[in-house]
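Only one structure is covered here, and it is reproduced in the block below.
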Amino acid sequence: MIRIGIDLGGTKIEAVAMDADGAITERRRVPAPQTYPDCLEAIAGLVTAIEREFGRGNPVGIGHPGSISPATGLMRNANSTWLNDQPFARDIEATLGRPVRLANDADCFTLSEAADGAGEGAKIVFGIILGTGVGGGIAIDGKLLHGAQGIAGEWGHNPLPWPDESDRPAAACWCGQSGCLETWLSGPGLARDHASRNGGELDAAAIFAAAEAGDAAARSSVTLHSDRLARGIASVLNILDADVVVLGGGVSNAPGLAERVTARLPDFLFSDVVRTRIVTHRHGDSSGVRGAAWLWPAEAK
């Protein structure tokens, strides 16, 4: 028995076949179409291609940007804007002719890392995506927490806690608020903040590289970024009290990030001891598509 996982990204759609032990036995990718009907057709084509080898009728899980409104059933807040206001769950089930399980891409990352990744064996896992945006997901006892609004884990649109003068002025966020964690902790957010204090047009990867090479301005920016990340995580842990926080996304690959955040947590956490482990992802870019497959239990058929 296999499960099929689909990672619906803005530039590519990836599909995998996963066996009962979590091993990937087939992987396919296609460029992501920029229209809704073509997107449905591309997903169907990937499923068909995998099932030519493994047989038909396998369970399918899909990780997608944005979230599905529990009130309307329509997609919302997706950066792949052609998905917004569409009945994606209904249409993809009709297209594939079977039930399909869906979750936000950050939720899929979290589920993958909780199942057999860096958070394996932990009761409460908070998964974080630090990339062009900031997202998150929560897994408890290996199962995703969705919440009443379907937005559990969306910490990126909370404000940066405990701000001081170095955190002003706050930047406007695409969500309509200002000073959101995403505007500080994302790759573009780090680049914007560094440029505002030092000039230039370095991206996040270049800032981290310059800091490693000893550049004082870059080191200052990296230190500020780690401090803000620790504050953001502490504000979540003061409510969730997770066993493990797994860092994912491109920014999470910065050298020493988990260690810097761990060192700063005691200054913000409402506790005399810090037992939560801050760790970097185990499965990297594959976590999203693996988590989509994990939406179905191993015995599902």
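Chain labels run A, B, ... following the order of the structure tokens; each chain numbers its residues from 1, and ligands are numbered from 1 in the order shown.
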
Do you know which residues are at most 12 Å from Gly45 of chain A counting only C-alpha atoms, after dropping those on the same chain fewer than 4 positions away, and could you put them as a PyMOL selection string? chain A and resi 6+13-15+28-30+38-41+49-52+92+95-96

Residues within 7 Å of Gly117 of chain A, please, as a list in words. Count only C-alpha atoms; anything in the same chain fewer than 2 positions from it doesn't count.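 The contact residues come out as Ser112, Glu113, Ala114, Ala115, Gly119, Glu120, His281, Arg282 and His283 of chain A.
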
Got time to write the residues from that selection, N, CA and C atoms, as a compact mmCIF listing (two decimals), in the first residue's frame?
```txt
# COMPACT_ATOMS: atom_id res chain seq x y z
N SER A 112 5.13 16.04 9.18
CA SER A 112 6.26 15.23 8.75
C SER A 112 7.34 15.16 9.81
N GLU A 113 7.69 16.32 10.38
CA GLU A 113 8.75 16.35 11.37
C GLU A 113 8.31 15.71 12.69
N ALA A 114 7.01 15.74 12.99
CA ALA A 114 6.50 15.09 14.20
C ALA A 114 6.44 13.58 14.01
N ALA A 115 6.12 13.12 12.79
CA ALA A 115 5.95 11.69 12.55
C ALA A 115 7.27 10.94 12.60
N GLY A 119 11.12 16.09 15.33
CA GLY A 119 10.23 16.08 16.49
C GLY A 119 9.68 14.72 16.81
N GLU A 120 10.25 13.68 16.22
CA GLU A 120 9.74 12.32 16.41
C GLU A 120 9.72 11.95 17.89
N HIS A 281 15.04 21.16 11.13
CA HIS A 281 14.33 20.09 10.42
C HIS A 281 15.25 18.92 10.07
N ARG A 282 14.66 17.73 9.97
CA ARG A 282 15.40 16.55 9.53
C ARG A 282 15.21 16.31 8.03
N HIS A 283 14.02 16.59 7.51
CA HIS A 283 13.70 16.20 6.13
C HIS A 283 13.81 17.35 5.12
```

May I ask which of the residues A:Arg192, A:Arg90, A:His157, A:Arg290 is the closest one to Val16 of chain A, counting only C-alpha atoms? A:Arg290

Which distance in Å separates atom CA of Ser166 of chain A and atom CA of Glu212 of chain A, to one decimal?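 Atom CA of Ser166 of chain A sits 22.2 Å away from atom CA of Glu212 of chain A.
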
Residues within 12 Å of Pro169 of chain A, only C-alpha atoms, excluding chain neighbours under 4 positions, as a PDB file with N, CA, C and O atoms, in the first residue's frame:
```
ATOM      1  N   LEU A 160       5.337  41.297  16.899  1.00  0.00           N
ATOM      2  CA  LEU A 160       6.602  41.030  17.575  1.00  0.00           C
ATOM      3  C   LEU A 160       6.462  41.418  19.045  1.00  0.00           C
ATOM      4  O   LEU A 160       6.157  42.567  19.363  1.00  0.00           O
ATOM      5  N   PRO A 163       8.797  44.695  22.120  1.00  0.00           N
ATOM      6  CA  PRO A 163       9.618  45.523  21.227  1.00  0.00           C
ATOM      7  C   PRO A 163      10.360  46.618  21.992  1.00  0.00           C
ATOM      8  O   PRO A 163       9.911  47.092  23.040  1.00  0.00           O
ATOM      9  N   ASP A 164      11.519  47.006  21.462  1.00  0.00           N
ATOM     10  CA  ASP A 164      12.236  48.163  21.989  1.00  0.00           C
ATOM     11  C   ASP A 164      12.571  49.089  20.825  1.00  0.00           C
ATOM     12  O   ASP A 164      12.063  48.907  19.708  1.00  0.00           O
ATOM     13  N   GLU A 165      13.438  50.044  21.059  1.00  0.00           N
ATOM     14  CA  GLU A 165      13.705  51.049  20.026  1.00  0.00           C
ATOM     15  C   GLU A 165      14.322  50.441  18.766  1.00  0.00           C
ATOM     16  O   GLU A 165      14.147  50.972  17.662  1.00  0.00           O
ATOM     17  N   SER A 178       0.526  45.793  10.959  1.00  0.00           N
ATOM     18  CA  SER A 178       1.929  46.201  10.878  1.00  0.00           C
ATOM     19  C   SER A 178       2.686  45.589  12.049  1.00  0.00           C
ATOM     20  O   SER A 178       2.110  45.308  13.100  1.00  0.00           O
ATOM     21  N   GLY A 179       3.992  45.376  11.843  1.00  0.00           N
ATOM     22  CA  GLY A 179       4.818  44.820  12.905  1.00  0.00           C
ATOM     23  C   GLY A 179       4.631  43.340  13.138  1.00  0.00           C
ATOM     24  O   GLY A 179       5.061  42.818  14.172  1.00  0.00           O
ATOM     25  N   CYS A 180       4.021  42.629  12.190  1.00  0.00           N
ATOM     26  CA  CYS A 180       3.841  41.180  12.342  1.00  0.00           C
ATOM     27  C   CYS A 180       5.203  40.487  12.404  1.00  0.00           C
ATOM     28  O   CYS A 180       6.188  40.956  11.824  1.00  0.00           O
ATOM     29  N   THR A 183       7.121  40.182   9.206  1.00  0.00           N
ATOM     30  CA  THR A 183       7.858  41.328   8.661  1.00  0.00           C
ATOM     31  C   THR A 183       9.258  41.439   9.247  1.00  0.00           C
ATOM     32  O   THR A 183      10.099  42.168   8.709  1.00  0.00           O
ATOM     33  N   TRP A 184       9.544  40.717  10.344  1.00  0.00           N
ATOM     34  CA  TRP A 184      10.856  40.729  10.967  1.00  0.00           C
ATOM     35  C   TRP A 184      11.652  39.453  10.717  1.00  0.00           C
ATOM     36  O   TRP A 184      12.864  39.495  10.530  1.00  0.00           O
ATOM     37  N   ARG A 192      15.159  43.583   4.687  1.00  0.00           N
ATOM     38  CA  ARG A 192      14.644  44.946   4.848  1.00  0.00           C
ATOM     39  C   ARG A 192      15.235  45.620   6.080  1.00  0.00           C
ATOM     40  O   ARG A 192      15.695  46.775   6.037  1.00  0.00           O
ATOM     41  N   ASP A 193      15.254  44.904   7.195  1.00  0.00           N
ATOM     42  CA  ASP A 193      15.762  45.484   8.432  1.00  0.00           C
ATOM     43  C   ASP A 193      17.257  45.806   8.316  1.00  0.00           C
ATOM     44  O   ASP A 193      17.707  46.875   8.749  1.00  0.00           O
ATOM     45  N   SER A 196      17.699  48.895   6.194  1.00  0.00           N
ATOM     46  CA  SER A 196      17.253  50.126   6.845  1.00  0.00           C
ATOM     47  C   SER A 196      18.312  50.686   7.791  1.00  0.00           C
ATOM     48  O   SER A 196      18.374  51.895   8.025  1.00  0.00           O
ATOM     49  N   ARG A 197      19.158  49.821   8.331  1.00  0.00           N
ATOM     50  CA  ARG A 197      20.188  50.260   9.272  1.00  0.00           C
ATOM     51  C   ARG A 197      21.569  50.412   8.634  1.00  0.00           C
ATOM     52  O   ARG A 197      22.406  51.151   9.139  1.00  0.00           O
TER      53      ARG A 197
END
```

Distance query Met75 of chain A at most 12 Å, only C-alpha atoms, self and fewer than 4 positions along chain excluded, as a list of chain:residue names: A:Tyr36, A:His64, A:Pro65, A:Gly66, A:Ser67, A:Ile68, A:Ser69, A:Pro70, A:Ala71, A:Asn79, A:Ser80, A:Thr81, A:Trp82, A:Leu83, A:Asn84, A:Asp85, A:Gln86, A:Pro87, A:Phe88, A:Ala89, A:Arg90, A:Asp91, A:Leu102, A:Ala103, A:Asn104, A:Gly150

How far is it from atom CA of Val279 of chain A to atom CA of Val246 of chain A, in Å with one decimal?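 Distance between the two atoms: 5.0 Å.
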
Quick one: residues within 12 Å of Ala211 of chain A, only C-alpha atoms counted, chain neighbours fewer than 3 positions away excluded, as a list in words? His194, Leu202, Ala204, Ala205, Ala206, Ile207, Phe208, Gly214, Asp215, Ala216, Ala217, Ala218, Arg219, Ser220, Ser221, Val222, Thr223, Ala254, Pro255 and Gly256 of chain A

Under the rule that only C-alpha atoms are counted, which of A:Gly249, A:Pro266, A:Gly131, A:Gly187 is the nearest residue to Leu237 of chain A?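 Using only C-alpha atoms, the shortest distance to Leu237 of chain A belongs to A:Pro266.
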
Residue neighbourhood Asp285 of chain A, 9 Å, only C-alpha atoms, exclusion window fewer than 2 positions, as a list in words: Phe109, Gly248, Gly249, Gly250, His283, Ser287, Gly288 and Val289 of chain A

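Remark: for Ile151 of chain A, the closest of the candidate residues A:Ala209, A:Cys173, A:Ala106, A:Ile278 is A:Ala106 (distances computed over only C-alpha atoms).
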
Skip segment 230-233 of chain A itself and residues of its chain fewer than 5 positions away, then list as JSON, numbers by chain all residues within 12 Å of it, counting only C-alpha atoms. {"A": [126, 127, 128, 134, 135, 136, 153, 154, 155, 156, 157, 158, 159, 160, 161, 162, 163, 164, 179, 180, 181, 182, 184, 185, 223, 224, 225, 238, 239, 240, 241, 242, 244, 245, 246, 247, 257, 258, 259, 260, 261, 262, 263, 264, 265, 266, 267, 268, 269, 270, 276, 277, 278]}

Looking only at the backbone, which of the residues in segment 34-116 of chain A does DSSP tag as helix (DSSP H, G or I), as a ChimeraX atom specification? /A:36-54,81-83,88-96,105-116

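Between atom CA of Ser186 of chain A and atom CA of Glu201 of chain A the interatomic distance comes to 15.4 Å.
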